[in-house]
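**Q** Quick one: structure below, then a few questions.
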Amino acid sequence: MSQIDKVLARIDADLDNALARLFDLIKIRSISTDPAYKADCRQAAEWLARELTSIGIEASVRDTAGHPMVVGHRKSGKPGPHVLFYGHYDVQPVDPLNLWETDPFEPRLVTRADGSKMIVARGSADDKGQLMTFVEAARAYIAETGDLPVDVTVLFEGEEESGSPSLHPFLNANKDELTCDLALVCDTSMWDKDTPAISIMLRGMVGDEIIVRAANRDLHSGSYGGSAQNPNHIVAGIIAGLHDETGRITLPGFYDGVQDLPESLAKMWAELGFSVEDYLGEIGLKYPRGEKGRLPLEHIWTRPTAEVNGMWGGYQGPGSKTVIPAEAHAKFTFRLVGEQDPEKIRASFRAYVQSRIPADCTVEFLAKDGSPALSLDPTMPAVAKGQAALEAEWGKPAALIGMGGSIPIVGDFKRMLGMDSLLIGFGLEDDRIHSPNEKYELRSFHKGIRSWARVLAELAKG
């Protein structure tokens, strides 16, 4: 047997133990956004540091102003790239709890009628199951061969689900220690249950919130209706004017830096067999929106968006209360692509909003952090090595895909540490991340471990 075959055989033989270790990590209630779980977040960090050290990756818990980081190293000056593997141990809140079939932090293995199995628990897919695929691959490699095929640094974060407030200061303070040749990021997904993927495009994002104020108090709609300004109407007009009849966003300069999809990727994506009817059908919808004349996958991966995430004003209780509210609120996010500048988008949005505010009304803006989009060169050698490793494991060519969401740390790695990232994950579209009854396929966990072992082996080749 070759070295990699021996490592893969060890992974197969140890799967039950690997699953038990994952369950131990999942049971820790590491909800980063809720201060009540601060001790749990530290417990998760300490568990990971012990686990890494026990397999031969010397690790420690590093304090921050928020939840701690975990940093580990195994370096012996091997040829090939020195890689940094990133994941996050924190999880989303579990609300609404009543929609969970069982305790979110008591992981269970569910067998379906067709014999397939899934792990159900909060954090099973996002991101504990994913990060443990790498840990278990490293465990098997070291146990079987005595070492890893390339030098490895590990960074596990505890605030990804709450905006990563400690991340920038930590990267700045530890720049020399964390800068490597390549970052490996697992917080992504497959194309489908049988087709692995490497994500080469991440949309950026910028957000803003507005509070429109008119009268100095809520007004009786019988006495003032039709005469006094209604902030709800003003906000509704702002929202309605954001898109034209073709689905394009109307903000001046919004499409500066937006590029058309390269023909080679358009051809690859057209061959992926994406069905917008099935995609929308799973969520109870039928009819797509977005810019006319674009591929459905362009809408999700490579075209910018303007969305309203929340809007409120006036009476919200049961029954009726006939008032004109004194103020109305709305929250907006813009997903960015290409070379769009988050601050220019914010400035254009605010100028647009100001132009729609009547002279005797005011608007207040509450800014949200912004990050630009990021693209990975599909011709870089690490992508080809990742594709080779994934095809060897899954028996199908790995798709090069975009992501509709954002992973800000990938941009931070590039801008702050000068590192490109190889984004490989094994989640599926129906894993219900951030929702009740989150799950992770046992097959994803098992073959994910095997895949990372193959990726490390490929990266070690000249």
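So you can find residues: chains in the structure tokens are A, B, ... in the order shown, residues in each start at 1, and ligands are numbered from 1 in order.
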Using DSSP on the backbone coordinates, identify all residues within region 180-287 of chain A classified as helix (DSSP H, G or I); present the result as number ranges by chain.

**A** A: 221-224, 231-240, 263-270, 276-281

**Q** Filtering to C-alpha atoms, could you give me those residues as a JSON list (two decimals), in the first residue's frame?

**A**
```json
[["chain", "number", "residue", "atom", "x", "y", "z"],
["A", 221, "SER", "CA", -54.32, 59.20, 11.61],
["A", 222, "GLY", "CA", -57.80, 60.69, 11.51],
["A", 223, "SER", "CA", -56.56, 64.12, 12.55],
["A", 224, "TYR", "CA", -53.31, 64.20, 10.56],
["A", 231, "PRO", "CA", -42.21, 57.89, 7.83],
["A", 232, "ASN", "CA", -43.51, 54.46, 6.81],
["A", 233, "HIS", "CA", -44.45, 55.87, 3.40],
["A", 234, "ILE", "CA", -41.03, 57.51, 3.05],
["A", 235, "VAL", "CA", -39.19, 54.28, 3.85],
["A", 236, "ALA", "CA", -41.44, 52.31, 1.50],
["A", 237, "GLY", "CA", -40.63, 54.75, -1.31],
["A", 238, "ILE", "CA", -36.90, 54.43, -0.64],
["A", 239, "ILE", "CA", -37.15, 50.65, -0.83],
["A", 240, "ALA", "CA", -39.34, 50.66, -3.94],
["A", 263, "GLU", "CA", -16.90, 32.49, -20.82],
["A", 264, "SER", "CA", -15.02, 29.46, -19.47],
["A", 265, "LEU", "CA", -16.82, 29.67, -16.11],
["A", 266, "ALA", "CA", -20.16, 30.37, -17.77],
["A", 267, "LYS", "CA", -19.74, 27.15, -19.76],
["A", 268, "MET", "CA", -18.76, 25.15, -16.64],
["A", 269, "TRP", "CA", -21.68, 26.48, -14.64],
["A", 270, "ALA", "CA", -24.16, 25.84, -17.45],
["A", 276, "VAL", "CA", -33.76, 27.23, -10.42],
["A", 277, "GLU", "CA", -37.18, 25.57, -10.13],
["A", 278, "ASP", "CA", -35.81, 22.96, -7.71],
["A", 279, "TYR", "CA", -33.73, 25.57, -5.89],
["A", 280, "LEU", "CA", -36.75, 27.77, -5.22],
["A", 281, "GLY", "CA", -39.14, 24.86, -4.89]]
```

**Q** Residues of region 149-268 of chain A that have any atom at most 12 Å from an atom of region 336-346 of chain A: could you tabulate them with the shortest-distance atom pair and the distance in Å to one decimal, using only C-alpha atoms, ordered by chain and increasing number, as CSV?

**A**
```
residue,atom,partner,partner_atom,distance
A:Met201,CA,A:Val337,CA,8.5
A:Leu202,CA,A:Val337,CA,7.6
A:Arg203,CA,A:Val337,CA,5.1
A:Gly204,CA,A:Leu336,CA,4.5
A:Met205,CA,A:Leu336,CA,5.4
A:Val206,CA,A:Pro342,CA,5.7
A:Gly207,CA,A:Arg346,CA,7.6
A:Asp208,CA,A:Arg346,CA,7.4
A:Glu209,CA,A:Arg346,CA,10.6
A:Ile210,CA,A:Arg346,CA,11.9
A:Ile249,CA,A:Ile345,CA,11.3
A:Thr250,CA,A:Ile345,CA,11.5
A:Leu251,CA,A:Ile345,CA,8.1
A:Pro252,CA,A:Ile345,CA,8.9
A:Gly253,CA,A:Ile345,CA,7.8
A:Phe254,CA,A:Ile345,CA,6.3
A:Tyr255,CA,A:Gln340,CA,7.3
A:Asp256,CA,A:Gln340,CA,6.2
A:Gly257,CA,A:Glu339,CA,4.4
A:Val258,CA,A:Gly338,CA,5.1
A:Gln259,CA,A:Gly338,CA,6.2
A:Asp260,CA,A:Gly338,CA,9.2
A:Leu261,CA,A:Gly338,CA,10.1
```

**Q** Residues of the last selection are to be written out with N, CA and C atoms, as a PDB file, in the first residue's frame.

**A**
```
ATOM      1  N   MET A 201     -14.903  32.287  -5.657  1.00  0.00           N
ATOM      2  CA  MET A 201     -15.449  33.643  -5.612  1.00  0.00           C
ATOM      3  C   MET A 201     -16.278  33.818  -4.351  1.00  0.00           C
ATOM      4  N   LEU A 202     -16.022  34.882  -3.626  1.00  0.00           N
ATOM      5  CA  LEU A 202     -16.801  35.240  -2.455  1.00  0.00           C
ATOM      6  C   LEU A 202     -17.354  36.644  -2.639  1.00  0.00           C
ATOM      7  N   ARG A 203     -18.637  36.801  -2.452  1.00  0.00           N
ATOM      8  CA  ARG A 203     -19.186  38.157  -2.499  1.00  0.00           C
ATOM      9  C   ARG A 203     -18.807  38.917  -1.228  1.00  0.00           C
ATOM     10  N   GLY A 204     -18.604  40.206  -1.386  1.00  0.00           N
ATOM     11  CA  GLY A 204     -18.407  41.078  -0.241  1.00  0.00           C
ATOM     12  C   GLY A 204     -19.747  41.577   0.272  1.00  0.00           C
ATOM     13  N   MET A 205     -19.713  42.446   1.259  1.00  0.00           N
ATOM     14  CA  MET A 205     -20.971  42.947   1.802  1.00  0.00           C
ATOM     15  C   MET A 205     -20.752  44.285   2.491  1.00  0.00           C
ATOM     16  N   VAL A 206     -21.752  45.135   2.403  1.00  0.00           N
ATOM     17  CA  VAL A 206     -21.794  46.349   3.198  1.00  0.00           C
ATOM     18  C   VAL A 206     -23.239  46.548   3.635  1.00  0.00           C
ATOM     19  N   GLY A 207     -23.434  47.042   4.840  1.00  0.00           N
ATOM     20  CA  GLY A 207     -24.784  47.210   5.352  1.00  0.00           C
ATOM     21  C   GLY A 207     -25.007  48.593   5.929  1.00  0.00           C
ATOM     22  N   ASP A 208     -26.257  48.979   6.014  1.00  0.00           N
ATOM     23  CA  ASP A 208     -26.624  50.253   6.618  1.00  0.00           C
ATOM     24  C   ASP A 208     -28.029  50.133   7.191  1.00  0.00           C
ATOM     25  N   GLU A 209     -28.310  50.966   8.163  1.00  0.00           N
ATOM     26  CA  GLU A 209     -29.640  51.037   8.754  1.00  0.00           C
ATOM     27  C   GLU A 209     -30.074  52.490   8.752  1.00  0.00           C
ATOM     28  N   ILE A 210     -31.361  52.705   8.466  1.00  0.00           N
ATOM     29  CA  ILE A 210     -31.868  54.078   8.461  1.00  0.00           C
ATOM     30  C   ILE A 210     -33.009  54.230   9.463  1.00  0.00           C
ATOM     31  N   ILE A 249     -30.158  47.494  -9.947  1.00  0.00           N
ATOM     32  CA  ILE A 249     -30.136  48.398  -8.798  1.00  0.00           C
ATOM     33  C   ILE A 249     -29.851  49.802  -9.299  1.00  0.00           C
ATOM     34  N   THR A 250     -30.587  50.766  -8.798  1.00  0.00           N
ATOM     35  CA  THR A 250     -30.605  52.110  -9.379  1.00  0.00           C
ATOM     36  C   THR A 250     -29.579  53.071  -8.782  1.00  0.00           C
ATOM     37  N   LEU A 251     -28.843  52.672  -7.762  1.00  0.00           N
ATOM     38  CA  LEU A 251     -27.907  53.601  -7.134  1.00  0.00           C
ATOM     39  C   LEU A 251     -26.854  54.057  -8.141  1.00  0.00           C
ATOM     40  N   PRO A 252     -26.587  55.352  -8.250  1.00  0.00           N
ATOM     41  CA  PRO A 252     -25.551  55.842  -9.169  1.00  0.00           C
ATOM     42  C   PRO A 252     -24.198  55.217  -8.863  1.00  0.00           C
ATOM     43  N   GLY A 253     -23.527  54.726  -9.890  1.00  0.00           N
ATOM     44  CA  GLY A 253     -22.200  54.133  -9.741  1.00  0.00           C
ATOM     45  C   GLY A 253     -22.186  52.759  -9.120  1.00  0.00           C
ATOM     46  N   PHE A 254     -23.364  52.165  -8.909  1.00  0.00           N
ATOM     47  CA  PHE A 254     -23.418  50.890  -8.192  1.00  0.00           C
ATOM     48  C   PHE A 254     -22.654  49.789  -8.930  1.00  0.00           C
ATOM     49  N   TYR A 255     -22.714  49.790 -10.253  1.00  0.00           N
ATOM     50  CA  TYR A 255     -22.108  48.697 -11.018  1.00  0.00           C
ATOM     51  C   TYR A 255     -20.657  48.971 -11.416  1.00  0.00           C
ATOM     52  N   ASP A 256     -20.075  50.041 -10.906  1.00  0.00           N
ATOM     53  CA  ASP A 256     -18.652  50.281 -11.158  1.00  0.00           C
ATOM     54  C   ASP A 256     -17.838  49.132 -10.574  1.00  0.00           C
ATOM     55  N   GLY A 257     -16.999  48.508 -11.392  1.00  0.00           N
ATOM     56  CA  GLY A 257     -16.174  47.400 -10.925  1.00  0.00           C
ATOM     57  C   GLY A 257     -16.814  46.035 -11.032  1.00  0.00           C
ATOM     58  N   VAL A 258     -18.063  45.980 -11.540  1.00  0.00           N
ATOM     59  CA  VAL A 258     -18.736  44.691 -11.731  1.00  0.00           C
ATOM     60  C   VAL A 258     -18.388  44.163 -13.120  1.00  0.00           C
ATOM     61  N   GLN A 259     -17.869  42.952 -13.169  1.00  0.00           N
ATOM     62  CA  GLN A 259     -17.433  42.371 -14.444  1.00  0.00           C
ATOM     63  C   GLN A 259     -18.342  41.228 -14.856  1.00  0.00           C
ATOM     64  N   ASP A 260     -18.415  41.007 -16.156  1.00  0.00           N
ATOM     65  CA  ASP A 260     -19.186  39.872 -16.663  1.00  0.00           C
ATOM     66  C   ASP A 260     -18.459  38.568 -16.378  1.00  0.00           C
ATOM     67  N   LEU A 261     -19.214  37.501 -16.297  1.00  0.00           N
ATOM     68  CA  LEU A 261     -18.669  36.185 -16.019  1.00  0.00           C
ATOM     69  C   LEU A 261     -17.796  35.719 -17.181  1.00  0.00           C
TER      70      LEU A 261
END
```

**Q** Set the distance at 12 Å and use only C-alpha atoms: which residues neighbour Trp452 (chain A) once local chain neighbours fewer than 4 positions away are removed? I'd like the list as a PyMOL selection string.

**A** chain A and resi 4+7-8+11+85+130-141+148-149+184-186+385-390+392-393+422-426+444-448+456-459

**Q** Just want the 7 Å neighbourhood of Val363 (chain A), counted on only C-alpha atoms, with same-chain residues fewer than 4 positions away dropped. Output as an MDAnalysis selection string.

**A** chainID A and resid 210:213

**Q** If DSSP is run on the backbone, what residues of region 268-401 of chain A are strand (DSSP E)? A reply as a count of residues only would be ideal.

**A** 36

**Q** Quick one: residues within 10 Å of Ser164 (chain A), only C-alpha atoms counted, chain neighbours fewer than 4 positions away excluded, as a list in words?

**A**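 Here the qualifying residues turn out to be Ser32, Gly66, His67, Glu157, Gly158, Glu159, Glu160, His168, Pro408 and Ile409 of chain A.
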
**Q** Could you give me, as a list in words, the residues within 8 Å of Val150 (chain A), counting only C-alpha atoms and dropping anything in the same chain fewer than 6 positions from it?

**A**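 With the cut-off at 8 Å, the set is Lys75, Lys78, Pro79, Gly80, Pro81, His82, Val83, Leu456, Leu459 and Ala460 of chain A.
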
**Q** Hey, which of A:Met118, A:Val323, A:Leu84, A:Leu374 ends up closest to Asp412 (chain A)? Count only C-alpha atoms.

**A** A:Leu374

**Q** When you look at Asn98 (chain A) with a cut-off of 12 Å (counting only C-alpha atoms), what residues show up, excluding the ones that are within fewer than 5 positions of it in the same chain? I need them as a ChimeraX atom specification.

**A** /A:103-104,435-437
